[in-house]
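Here is the structure we will look at, set down as structure tokens.
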Amino acid sequence: MNKSLKSAESLGAMERKSVRLNVNGQDYSVRSPGGARLAEVLRDDLGLTGTKVGCNAGDCGACTVLIAGKQVCSCLVSLDQAAGEAIETVEGLQADSRLRGLQQSFVELGAAQCGICTPGMLMAAAELARENKAWSRTEILDRMGGVLCRCTGYTKIVDAIEHYLSGAALPAPKAEAGEVGGRLTKVDGLSRVEGAARYGADATPEDALYLKAVRSPHAHARFVIGDVAKFVNANPGVIRVITVRDIPGKNEYGIFEHYRDQPVLADGLVRFCGEAIAAVLCEKDAVADLDLASFPVTWEPLPPVSGIDGGLDPKAAMLHASRPDNVLTRGRMIRGDMEAGRGRHSVSGKFQTGYVEHAYIEPEAGFARRVGDRMEVFVTTQTPYMDRDGVAHVLGIPQTEVRILPSAVGGGFGGKIDMSVQPLMAIGAWLTGRPVAYVYSRLESMRVTPKRHPSRIEATMTCGDDGKLKTFAFHADFNTGPYASAGPIVANRVPLHAMGPYRVPAVHCTTRAVLTTDAIAGAFRGFGVPQAAIAHEALMDGLADKLGMDRLEFRILNSLMPGDSTATGQELSSSVGMKECLEVLRPAWNEQKKAVAEFNKGNDRFRRGIGVGCMWYGIGNTSQPNPSSMRIAIGADGKITLFSGAVDIGQGVNTIMVQMCADALGVSADRINLVLGDTDRTLDAGKSSASRQTFISGNAVVLAAEKLKESIRRLTNAGPDSKITFGQGKVLVSGAQEVSLDLGSLPGDGEGNVLSEVGYYNPPTTDLDEHQQGIPYASYAFAAQFALVEVDVLLGYTKVLKIWAAHDVGRAVNPTQVEGQIQGGIAQGLGLALMEEYIPVATDNLHNYLIPTFGDIPEIEIHIIETLDPLGPFGAKGIGEPALVPTAPAILNAIQDATGCRPTQVPVTPSRLWQLLRDNRGS
Amino acid sequence: MDYRRAENLEDAVRLRREMGYPFVAGGTDIYPAIENGARFPGLIDVSKVEALRGKIRREHDAWIIPALATWSEVVAADLPPQFDALKQAAAEVGGRQIQNAGTVAGNICNASPAADGIPALMSLGAGIVIAGSSGEREIPLEEFVLGNRKTALQEGELLRAVKVPVRAARCASAFRKLGARRYLVISIVMAAATLECDAGGRITYAGISVGACAARALRLAAWEQALLGRSIADLHALEVAPAYLAPLSPMDDIRGSGAYRVHAAGVLVREALAKAAVRLNEQVS
Ligand SMILES: Cc1cc2nc3c(=O)[nH]c(=O)nc-3n(C[C@H](O)[C@H](O)[C@H](O)COP(=O)(O)OP(=O)(O)OC[C@H]3O[C@@H](n4cnc5c(N)ncnc54)[C@H](O)[C@@H]3O)c2cc1C
Ligand code: FES
Ligand code: FES
């Protein structure tokens, strides 16, 4: 008999009495159990998916709604408690004419990036906006403090609320806003503030099965699965269990084809706590009562291989037969004579960083559907094309038979490069023929997906009497966890960046990624460079102090300049803004230096300090082809469509592409229709990572636009200098004479487009030779930030009072978005410096893993430096990762300045700093 | 999950005796616990029980805080300075959403060592009114919270209200919380101090309580003793003797080391005392 029907009956779904809910002024009758969480009822029963679920535990505030006018977490309110109350959700905001202005303010002022926190933010703000009083900034923070945002760094959110409360009109959109350099309103902003954007968990079909993974409670263990049929029979609503033997294709995946070492389901051996060993597919109704603890499995725990030393221990278990020493990969950058070149002054240091979690507010989610012999996957991802290939690989079908439909992405930061929910749900849908949805719990999201690599670094820097750097020696060991993920990227990128944005004649930088049974480490904003920057910036301070030089001036003296060569022998001919970044900070730096000395005179307990951090960052993949293709098409009616496979993970690439496309074609931005990542319709734009989309996909857009204009000139026999004007249904070409091209007269393709051109851009990089010489990146971003901190030495508590940030972005395509990236990057850098450390299992929720809240962000002063990279589209480089890199070094250097003690381990928690200060006083 | 709604006090007591499920008030502790793996066959919702609701009010020589009083209600209530510590603690619980839903009773009955509401009430000498099938009984808060997640509630009993003795006119209190970020943070340590003095500024009552430094919040009796009879004007002169902090036995955990916690507790208590003294001075002068 049909098992799903039987199970629905035995669950007693029929007996439930209905409950009346009043949402946004409308009455609904709901049949869910009285104890169901309101968030779930709103989303699943009423289809009001504007309310988001980020943690299901009160920790993120994404689910904030108003009940009787008060903000509450709808994930903590039961259906019975909500019954009969007036409930308001983001979908109801539009109806309130006043609050519509709040939404507009959010869109116009850049308060939403990925937008997953936005509904919660708006509801929290709605509560206070209705109270008639004058709000101070602190009072606003107190009311908003319960909602987390991982993208914006909060500043623009508070600005938007303040602006709205002030009653002032929003700046009228300028006609030229759509041009490059203008503050074009985020093109997908409205859908964010209306709660209409569909994220990974927001589009699950009615008839979907839900997937739950059985995961290992041990870091390292053998296991045997028992009687699965019995488990299925004992659990009404469970349709099927998937184990290793059911996988149709290859049981392996990974970012690199030659490093596909991660199994979809472990095969008798687990290598980290949380690794999946089986998947259970069940009906929606059965999910709540499903008890995976009763899954038949026998564990034989093995000694964990923990930490870098644990992995390198000759007695440690070998985690992969192909890597007998548990070293996944090594990286190096060796150049010049380290012995002969050594300077008279030398400083050394050892540094340590822990796992850092991306903590995007949207957990991994999506659904898969089998369509004939094809597989469609709707999923939150940074890499649709890699997903397509990876899913095809595990299903054993051609890549062309997989279609990836990226959802709106609620934050990525590198964490949604690896596949997560994709393989299992695709296998489930393939085997059952039913759509299969999989939404990670917060615990899964934290335990199972890759993190920032923990590092242990030793470095020595020398300089001469003149202060010029001479040599730099560096070795970093990274704990890469049990599987490759982005480990090789980190090991290769770090040696090239480890000396910092300085002229150093001789360098000896090596790295090693060590396999362990701790959490998987992979891609996270900066790929290991933020860890390395902590080391080089500490040593820069050390040398400046030795020479008695000002720390900022010492950096200016050593900054890379146009005409300098990097360690790989690449000559940087232009667009090297390091020195400009430092120079623009100089006046504030000198002023603060005096102010700090003044403040500290009268204060023993509270000590202030300033610290500067610099960075450089190669845009795009290291020495590897990483092309992007973008297509622009014109319809018979003159409609312009940009087909973009570049995923907007909140960084705003959609808006950037529209601006560049509009500017390149000479039309206003509202003329551009955007068709987004759908692997059947768009072309491969590569990953949204390595800060590459603006530079690489931007170039592809510009090339496509050029080609389009060329073909128009060809069709009209116009000269290369003729001016092209895109009108309705026709294109005007004015050169020697004026010609009008009637678009309707041209033959159309299947999509109704008459002209279509693809721009393909692959940055001009080269492989590095055996001496690591070559061109690893086509373009580099530079930045300097300085932090002012106040340390309570009695409690070891650090408060960051202000950060000044100067970033050479080549060209700011959209200043609002550049500011947003910088503010958000600084928030993450501050977290890295002061509070974030993922400890496997111990901190796998947002209660124990702390990311900065509204109240932790200092004032940020931004200076955008435009050096116009000749290779960049309109001169632009990238900003995504550079924003984060200098922050932690600046804060650590400021703590050292304030206390005289050098923190060498992050995060510098109060307890740790207190201990450090005590140990130093003792010695 | 079998979700029952108690209509009144008797109903709540009966359901609890018959079913044994936990109560749910604001749900801000119990629902996260379920997400983190706790399994309950059912819940008893007391949030609509009239006898547990109502305003925070004075009845004779005691203030009554009904079980279902939320942290936002505590902050908004019109209360004398002896409640400053409680109000300050309330404003530091989670974020606004948690304060709008979380209740005083839930905080106490959940009995987390890091419950922010407990030290403030303990320093005030609060008592707990317990309702059960055989009527009501009252015990001091210190005897109510027995340890980490352990209370003195017996089968079928629930917390009906918190009772705080009305202190003399010259009484003030203060709270200090230390966390690794500004909002939504579980305390590394927190401390509350209540001071009462006579017309001459001599301390007649001192209540000091510290949380997150043992399995439950504790009072620091030796420190309290040392304050009695002193003038609030020379409070700061009192050196912290190691014996004052002797009852504390904190663990090393992700939030901080035990040694750090003891040290920080000393600092926070001194700060809370100083803050309370300032407030008292305002009243004396
Ligand atoms: C994001 C977040 C942040 C938080 N931050 C803080 C913080 O900073 N400081 C802090 O102290 N706490 C914090 N908490 C914990 C929680 O919010 C508080 O403890 C709150 O006061 C609990 O009240 P409640 O009504 O929601 O409890 P519930 O979850 O409803 O109940 C908690 C426990 O008490 C029992 N209970 C409730 N009422 C009664 C009663 N009348 N009689 C007997 N038993 C009863 C329940 O059975 C349950 O075991 C936080 C929670 C979250 C989710
Ligand atoms: S989903 Fe409710 S607070 Fe995170
Ligand atoms: S915009 Fe706030 S979490 Fe992404």
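Quick note on naming: the chains in the structure tokens go A, B, ... in the order shown, residues restart at 1 in each chain, and ligands are numbered from 1 in order of appearance.
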
Closest atom pairs, chain B residues within 12 Å of ligand 2, only C-alpha atoms and all ligand atoms, as a Markdown table:
```
| residue | atom | partner | partner_atom_place_in_ligand_line | distance |
| --- | --- | --- | --- | --- |
| B:Gly27 | CA | ligand 2 | 2 (Fe) | 11.8 |
| B:Thr28 | CA | ligand 2 | 3 (S) | 9.8 |
| B:Tyr31 | CA | ligand 2 | 2 (Fe) | 10.0 |
| B:Pro32 | CA | ligand 2 | 2 (Fe) | 9.3 |
| B:Glu35 | CA | ligand 2 | 1 (S) | 10.5 |
| B:Gly94 | CA | ligand 2 | 3 (S) | 10.9 |
| B:Gly95 | CA | ligand 2 | 3 (S) | 10.3 |
| B:Arg96 | CA | ligand 2 | 3 (S) | 11.5 |
| B:Gln97 | CA | ligand 2 | 3 (S) | 8.8 |
| B:Ile98 | CA | ligand 2 | 3 (S) | 9.3 |
| B:Leu184 | CA | ligand 2 | 3 (S) | 10.7 |
```

For the residues in the current selection, export C-alpha atoms as a PDB file, in the first residue's frame.
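Below is the file part_20.pdb, written as the result:
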```
ATOM      1  CA  GLY B  27       9.349  29.877  25.664  1.00  0.00           C
ATOM      2  CA  THR B  28      12.717  31.612  25.328  1.00  0.00           C
ATOM      3  CA  TYR B  31      12.176  26.286  22.588  1.00  0.00           C
ATOM      4  CA  PRO B  32      15.915  26.818  22.113  1.00  0.00           C
ATOM      5  CA  GLU B  35      16.224  23.019  18.901  1.00  0.00           C
ATOM      6  CA  GLY B  94      19.185  39.028  25.349  1.00  0.00           C
ATOM      7  CA  GLY B  95      17.697  41.582  22.991  1.00  0.00           C
ATOM      8  CA  ARG B  96      14.368  43.332  22.907  1.00  0.00           C
ATOM      9  CA  GLN B  97      12.542  40.317  21.465  1.00  0.00           C
ATOM     10  CA  ILE B  98      13.699  38.145  24.337  1.00  0.00           C
ATOM     11  CA  LEU B 184      22.469  38.894  23.034  1.00  0.00           C
TER      12      LEU B 184
END
```

To check your reading of the model: which residues sit at most 9 Å from ligand 3 when counting only C-alpha atoms and all ligand atoms? Write the answer as a compact mmCIF listing (two decimals) with all heavy atoms, in the first residue's frame.
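Everything below was put into part38.txt:
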```txt
# COMPACT_ATOMS: atom_id res chain seq x y z
N ALA A 62 16.12 36.86 12.94
CA ALA A 62 15.64 36.92 11.55
C ALA A 62 14.14 36.68 11.48
O ALA A 62 13.47 37.12 10.55
CB ALA A 62 16.36 35.88 10.69
N ALA A 111 20.81 49.57 3.33
CA ALA A 111 20.72 48.84 4.59
C ALA A 111 20.55 47.34 4.39
O ALA A 111 20.63 46.58 5.35
CB ALA A 111 19.57 49.39 5.43
N ALA A 112 20.26 46.94 3.17
CA ALA A 112 20.12 45.51 2.90
C ALA A 112 21.20 45.08 1.93
O ALA A 112 21.34 45.67 0.87
CB ALA A 112 18.74 45.21 2.31
N GLN A 113 21.97 44.08 2.31
CA GLN A 113 22.90 43.49 1.34
C GLN A 113 22.31 42.17 0.88
O GLN A 113 21.55 42.12 -0.07
CB GLN A 113 24.30 43.37 1.94
CG GLN A 113 25.00 44.73 2.02
CD GLN A 113 26.44 44.64 2.48
OE1 GLN A 113 27.09 43.60 2.40
NE2 GLN A 113 26.97 45.74 2.99
N CYS A 114 22.62 41.07 1.59
CA CYS A 114 22.00 39.81 1.15
C CYS A 114 20.50 39.84 1.42
O CYS A 114 19.73 39.18 0.76
CB CYS A 114 22.65 38.62 1.83
SG CYS A 114 22.07 38.29 3.50
N GLY A 115 20.10 40.60 2.45
CA GLY A 115 18.68 40.79 2.71
C GLY A 115 18.02 39.74 3.58
O GLY A 115 16.84 39.86 3.88
N ILE A 116 18.75 38.76 4.03
CA ILE A 116 18.09 37.70 4.81
C ILE A 116 17.70 38.22 6.20
O ILE A 116 16.71 37.80 6.78
CB ILE A 116 18.99 36.44 4.94
CG1 ILE A 116 18.20 35.23 5.47
CG2 ILE A 116 20.19 36.67 5.83
CD1 ILE A 116 17.39 34.52 4.43
N CYS A 117 18.44 39.20 6.71
CA CYS A 117 18.11 39.76 8.01
C CYS A 117 17.07 40.86 7.89
O CYS A 117 16.53 41.32 8.90
CB CYS A 117 19.35 40.33 8.69
SG CYS A 117 19.98 41.83 7.89
N THR A 118 16.84 41.33 6.68
CA THR A 118 16.06 42.55 6.48
C THR A 118 14.63 42.48 7.02
O THR A 118 14.19 43.42 7.69
CB THR A 118 16.09 42.96 4.99
OG1 THR A 118 17.45 42.97 4.56
CG2 THR A 118 15.48 44.31 4.78
N MET A 121 14.87 42.93 10.67
CA MET A 121 15.29 44.30 10.96
C MET A 121 14.11 45.25 10.85
O MET A 121 13.90 46.12 11.70
CB MET A 121 16.37 44.75 9.97
CG MET A 121 17.70 44.06 10.11
SD MET A 121 18.51 44.53 11.64
CE MET A 121 19.97 43.47 11.55
N VAL A 147 18.62 41.61 16.60
CA VAL A 147 18.68 41.07 15.24
C VAL A 147 20.13 41.12 14.76
O VAL A 147 20.79 42.15 14.87
CB VAL A 147 17.79 41.85 14.25
CG1 VAL A 147 17.57 41.03 12.98
CG2 VAL A 147 16.45 42.21 14.87
N LEU A 148 20.60 40.01 14.26
CA LEU A 148 21.97 39.94 13.76
C LEU A 148 22.00 40.19 12.26
O LEU A 148 21.11 39.78 11.53
CB LEU A 148 22.58 38.56 14.02
CG LEU A 148 22.72 38.13 15.48
CD1 LEU A 148 23.29 36.72 15.53
CD2 LEU A 148 23.61 39.10 16.25
N CYS A 149 23.06 40.86 11.82
CA CYS A 149 23.33 40.98 10.39
C CYS A 149 24.79 40.64 10.20
O CYS A 149 25.64 41.11 10.94
CB CYS A 149 23.07 42.41 9.92
SG CYS A 149 23.55 42.65 8.18
N ARG A 150 25.07 39.79 9.22
CA ARG A 150 26.46 39.40 9.00
C ARG A 150 27.08 40.15 7.83
O ARG A 150 28.27 40.03 7.60
CB ARG A 150 26.49 37.88 8.74
CG ARG A 150 27.88 37.26 8.72
CD ARG A 150 28.67 37.50 9.99
NE ARG A 150 29.69 36.47 10.18
CZ ARG A 150 30.68 36.56 11.07
NH1 ARG A 150 30.77 37.64 11.84
NH2 ARG A 150 31.55 35.59 11.21
N CYS A 151 26.25 40.90 7.09
CA CYS A 151 26.78 41.53 5.87
C CYS A 151 27.14 42.99 6.04
O CYS A 151 28.17 43.43 5.55
CB CYS A 151 25.74 41.46 4.75
SG CYS A 151 25.23 39.81 4.29
N THR A 152 26.28 43.75 6.67
CA THR A 152 26.37 45.21 6.54
C THR A 152 27.25 45.89 7.58
O THR A 152 27.62 47.05 7.40
CB THR A 152 24.98 45.86 6.69
OG1 THR A 152 24.51 45.60 8.02
CG2 THR A 152 24.00 45.32 5.68
N GLY A 153 27.51 45.20 8.69
CA GLY A 153 28.19 45.90 9.77
C GLY A 153 27.26 46.90 10.46
O GLY A 153 27.73 47.76 11.20
N TYR A 154 25.97 46.81 10.19
CA TYR A 154 24.90 47.53 10.88
C TYR A 154 24.83 49.04 10.61
O TYR A 154 23.77 49.64 10.75
CB TYR A 154 24.99 47.33 12.41
CG TYR A 154 24.95 45.90 12.85
CD1 TYR A 154 26.11 45.23 13.24
CD2 TYR A 154 23.76 45.17 12.84
CE1 TYR A 154 26.08 43.90 13.64
CE2 TYR A 154 23.72 43.84 13.25
CZ TYR A 154 24.88 43.21 13.65
OH TYR A 154 24.85 41.91 14.04
N ILE A 157 22.16 50.27 8.43
CA ILE A 157 20.82 49.97 8.95
C ILE A 157 20.40 51.07 9.93
O ILE A 157 19.28 51.60 9.86
CB ILE A 157 20.78 48.58 9.60
CG1 ILE A 157 21.10 47.50 8.56
CG2 ILE A 157 19.42 48.33 10.26
CD1 ILE A 157 21.23 46.10 9.12
N TYR A 360 26.65 33.15 8.20
CA TYR A 360 25.62 33.83 7.44
C TYR A 360 24.30 33.46 8.09
O TYR A 360 24.14 32.41 8.68
CB TYR A 360 25.60 33.43 5.96
CG TYR A 360 26.22 32.08 5.67
CD1 TYR A 360 25.60 30.92 6.07
CD2 TYR A 360 27.44 31.99 5.01
CE1 TYR A 360 26.17 29.68 5.81
CE2 TYR A 360 28.01 30.76 4.76
CZ TYR A 360 27.37 29.60 5.17
OH TYR A 360 27.95 28.39 4.93
N ILE A 361 23.34 34.39 7.99
CA ILE A 361 22.09 34.17 8.72
C ILE A 361 21.22 33.13 8.01
O ILE A 361 20.35 32.52 8.61
CB ILE A 361 21.35 35.52 8.91
CG1 ILE A 361 22.28 36.54 9.60
CG2 ILE A 361 20.08 35.35 9.72
CD1 ILE A 361 22.85 36.09 10.94
N GLU A 362 21.46 32.91 6.72
CA GLU A 362 20.69 31.88 6.03
C GLU A 362 21.44 30.55 6.05
O GLU A 362 22.48 30.41 5.40
CB GLU A 362 20.48 32.27 4.55
CG GLU A 362 19.68 31.21 3.80
CD GLU A 362 19.91 31.20 2.28
OE1 GLU A 362 21.00 31.57 1.82
OE2 GLU A 362 18.99 30.81 1.56
N VAL A 409 20.59 34.48 -2.14
CA VAL A 409 21.58 33.94 -1.22
C VAL A 409 21.67 34.81 0.02
O VAL A 409 21.95 36.00 -0.08
CB VAL A 409 22.96 33.83 -1.91
CG1 VAL A 409 23.99 33.26 -0.94
CG2 VAL A 409 22.87 32.96 -3.15
N GLY A 410 21.42 34.20 1.16
CA GLY A 410 21.43 34.95 2.42
C GLY A 410 22.80 34.97 3.06
O GLY A 410 22.97 34.61 4.21
N GLY A 411 23.77 35.41 2.29
CA GLY A 411 25.15 35.49 2.79
C GLY A 411 25.96 34.28 2.35
O GLY A 411 25.46 33.16 2.33
N GLY A 412 27.21 34.53 1.98
CA GLY A 412 28.09 33.44 1.52
C GLY A 412 29.45 33.50 2.17
O GLY A 412 29.83 32.62 2.92
N ILE A 649 25.61 37.38 -3.82
CA ILE A 649 25.49 36.79 -2.48
C ILE A 649 25.30 37.89 -1.45
O ILE A 649 25.58 37.72 -0.28
CB ILE A 649 26.73 35.93 -2.15
CG1 ILE A 649 28.03 36.74 -2.33
CG2 ILE A 649 26.77 34.71 -3.05
CD1 ILE A 649 29.29 35.99 -1.91
N GLY A 650 24.85 39.04 -1.94
CA GLY A 650 24.66 40.17 -1.04
C GLY A 650 25.70 41.25 -1.31
O GLY A 650 25.53 42.39 -0.91
N GLN A 651 26.76 40.87 -2.01
CA GLN A 651 27.84 41.83 -2.28
C GLN A 651 27.41 42.86 -3.32
O GLN A 651 28.07 43.86 -3.51
CB GLN A 651 29.11 41.09 -2.70
CG GLN A 651 29.27 40.77 -4.19
CD GLN A 651 28.48 39.56 -4.65
OE1 GLN A 651 27.35 39.35 -4.25
NE2 GLN A 651 29.06 38.77 -5.53
```

At most 6 Å to chain B: residues in chain A, only C-alpha atoms, as a PyMOL selection string: chain A and resi 34-35+57+71-73+76+143+145-146+855-856+911

DSSP on the backbone, alpha helix (DSSP H) only: what residues of segment 215-266 of chain B does that give? Format it as a VMD selection string. chain B and resid 221 to 227 258 to 266

Any chance you could export the current selection's N, CA, C and O atoms as a PDB file, in the first residue's frame?
```
ATOM      1  N   ALA B 221      28.306  36.377  51.660  1.00  0.00           N
ATOM      2  CA  ALA B 221      27.931  36.780  53.015  1.00  0.00           C
ATOM      3  C   ALA B 221      29.050  37.511  53.743  1.00  0.00           C
ATOM      4  O   ALA B 221      28.800  38.490  54.463  1.00  0.00           O
ATOM      5  N   ALA B 222      30.283  37.063  53.583  1.00  0.00           N
ATOM      6  CA  ALA B 222      31.386  37.701  54.313  1.00  0.00           C
ATOM      7  C   ALA B 222      31.563  39.152  53.874  1.00  0.00           C
ATOM      8  O   ALA B 222      31.827  40.048  54.692  1.00  0.00           O
ATOM      9  N   TRP B 223      31.412  39.360  52.601  1.00  0.00           N
ATOM     10  CA  TRP B 223      31.527  40.734  52.078  1.00  0.00           C
ATOM     11  C   TRP B 223      30.372  41.593  52.618  1.00  0.00           C
ATOM     12  O   TRP B 223      30.551  42.726  53.062  1.00  0.00           O
ATOM     13  N   GLU B 224      29.176  41.036  52.562  1.00  0.00           N
ATOM     14  CA  GLU B 224      28.004  41.754  53.082  1.00  0.00           C
ATOM     15  C   GLU B 224      28.235  42.147  54.542  1.00  0.00           C
ATOM     16  O   GLU B 224      28.004  43.287  54.950  1.00  0.00           O
ATOM     17  N   GLN B 225      28.726  41.160  55.316  1.00  0.00           N
ATOM     18  CA  GLN B 225      28.964  41.361  56.747  1.00  0.00           C
ATOM     19  C   GLN B 225      29.932  42.522  56.976  1.00  0.00           C
ATOM     20  O   GLN B 225      29.725  43.363  57.843  1.00  0.00           O
ATOM     21  N   ALA B 226      30.975  42.533  56.148  1.00  0.00           N
ATOM     22  CA  ALA B 226      32.010  43.553  56.315  1.00  0.00           C
ATOM     23  C   ALA B 226      31.485  44.957  56.033  1.00  0.00           C
ATOM     24  O   ALA B 226      32.066  45.949  56.469  1.00  0.00           O
ATOM     25  N   LEU B 227      30.378  45.032  55.322  1.00  0.00           N
ATOM     26  CA  LEU B 227      29.838  46.349  54.968  1.00  0.00           C
ATOM     27  C   LEU B 227      28.913  46.911  56.033  1.00  0.00           C
ATOM     28  O   LEU B 227      28.763  48.128  56.162  1.00  0.00           O
ATOM     29  N   GLY B 258      38.332  30.125  35.008  1.00  0.00           N
ATOM     30  CA  GLY B 258      37.823  30.252  36.368  1.00  0.00           C
ATOM     31  C   GLY B 258      38.529  31.373  37.116  1.00  0.00           C
ATOM     32  O   GLY B 258      37.894  32.175  37.799  1.00  0.00           O
ATOM     33  N   ALA B 259      39.844  31.426  36.951  1.00  0.00           N
ATOM     34  CA  ALA B 259      40.621  32.457  37.658  1.00  0.00           C
ATOM     35  C   ALA B 259      40.158  33.851  37.227  1.00  0.00           C
ATOM     36  O   ALA B 259      40.006  34.758  38.048  1.00  0.00           O
ATOM     37  N   TYR B 260      39.921  34.001  35.930  1.00  0.00           N
ATOM     38  CA  TYR B 260      39.452  35.290  35.434  1.00  0.00           C
ATOM     39  C   TYR B 260      38.103  35.637  36.041  1.00  0.00           C
ATOM     40  O   TYR B 260      37.853  36.778  36.448  1.00  0.00           O
ATOM     41  N   ARG B 261      37.244  34.648  36.116  1.00  0.00           N
ATOM     42  CA  ARG B 261      35.896  34.911  36.625  1.00  0.00           C
ATOM     43  C   ARG B 261      35.925  35.407  38.067  1.00  0.00           C
ATOM     44  O   ARG B 261      35.207  36.340  38.417  1.00  0.00           O
ATOM     45  N   VAL B 262      36.752  34.775  38.904  1.00  0.00           N
ATOM     46  CA  VAL B 262      36.808  35.208  40.300  1.00  0.00           C
ATOM     47  C   VAL B 262      37.300  36.650  40.367  1.00  0.00           C
ATOM     48  O   VAL B 262      36.731  37.497  41.055  1.00  0.00           O
ATOM     49  N   HIS B 263      38.354  36.917  39.595  1.00  0.00           N
ATOM     50  CA  HIS B 263      38.888  38.279  39.564  1.00  0.00           C
ATOM     51  C   HIS B 263      37.814  39.266  39.104  1.00  0.00           C
ATOM     52  O   HIS B 263      37.575  40.300  39.734  1.00  0.00           O
ATOM     53  N   ALA B 264      37.154  38.912  37.999  1.00  0.00           N
ATOM     54  CA  ALA B 264      36.154  39.821  37.435  1.00  0.00           C
ATOM     55  C   ALA B 264      34.990  40.007  38.404  1.00  0.00           C
ATOM     56  O   ALA B 264      34.433  41.103  38.514  1.00  0.00           O
ATOM     57  N   ALA B 265      34.624  38.936  39.109  1.00  0.00           N
ATOM     58  CA  ALA B 265      33.524  39.038  40.068  1.00  0.00           C
ATOM     59  C   ALA B 265      33.851  40.107  41.103  1.00  0.00           C
ATOM     60  O   ALA B 265      33.008  40.942  41.450  1.00  0.00           O
ATOM     61  N   GLY B 266      35.096  40.097  41.587  1.00  0.00           N
ATOM     62  CA  GLY B 266      35.515  41.103  42.569  1.00  0.00           C
ATOM     63  C   GLY B 266      35.368  42.507  42.011  1.00  0.00           C
ATOM     64  O   GLY B 266      34.854  43.411  42.673  1.00  0.00           O
TER      65      GLY B 266
END
```

Env of Ile775 of chain A: 7 Å cut, atoms = only C-alpha atoms, seq-sep filter 6 positions within chain, self excluded. Answer as a PyMOL selection string. chain A and resi 568+570+623+765-768

Within segment 136-249 of chain B, find each residue whose DSSP state, derived from the backbone, is strand (DSSP E or B), and express the selection as number ranges by chain. B: 136-140, 145-147, 150-151, 158-165, 171-178, 189-197, 202-211, 218-219, 231
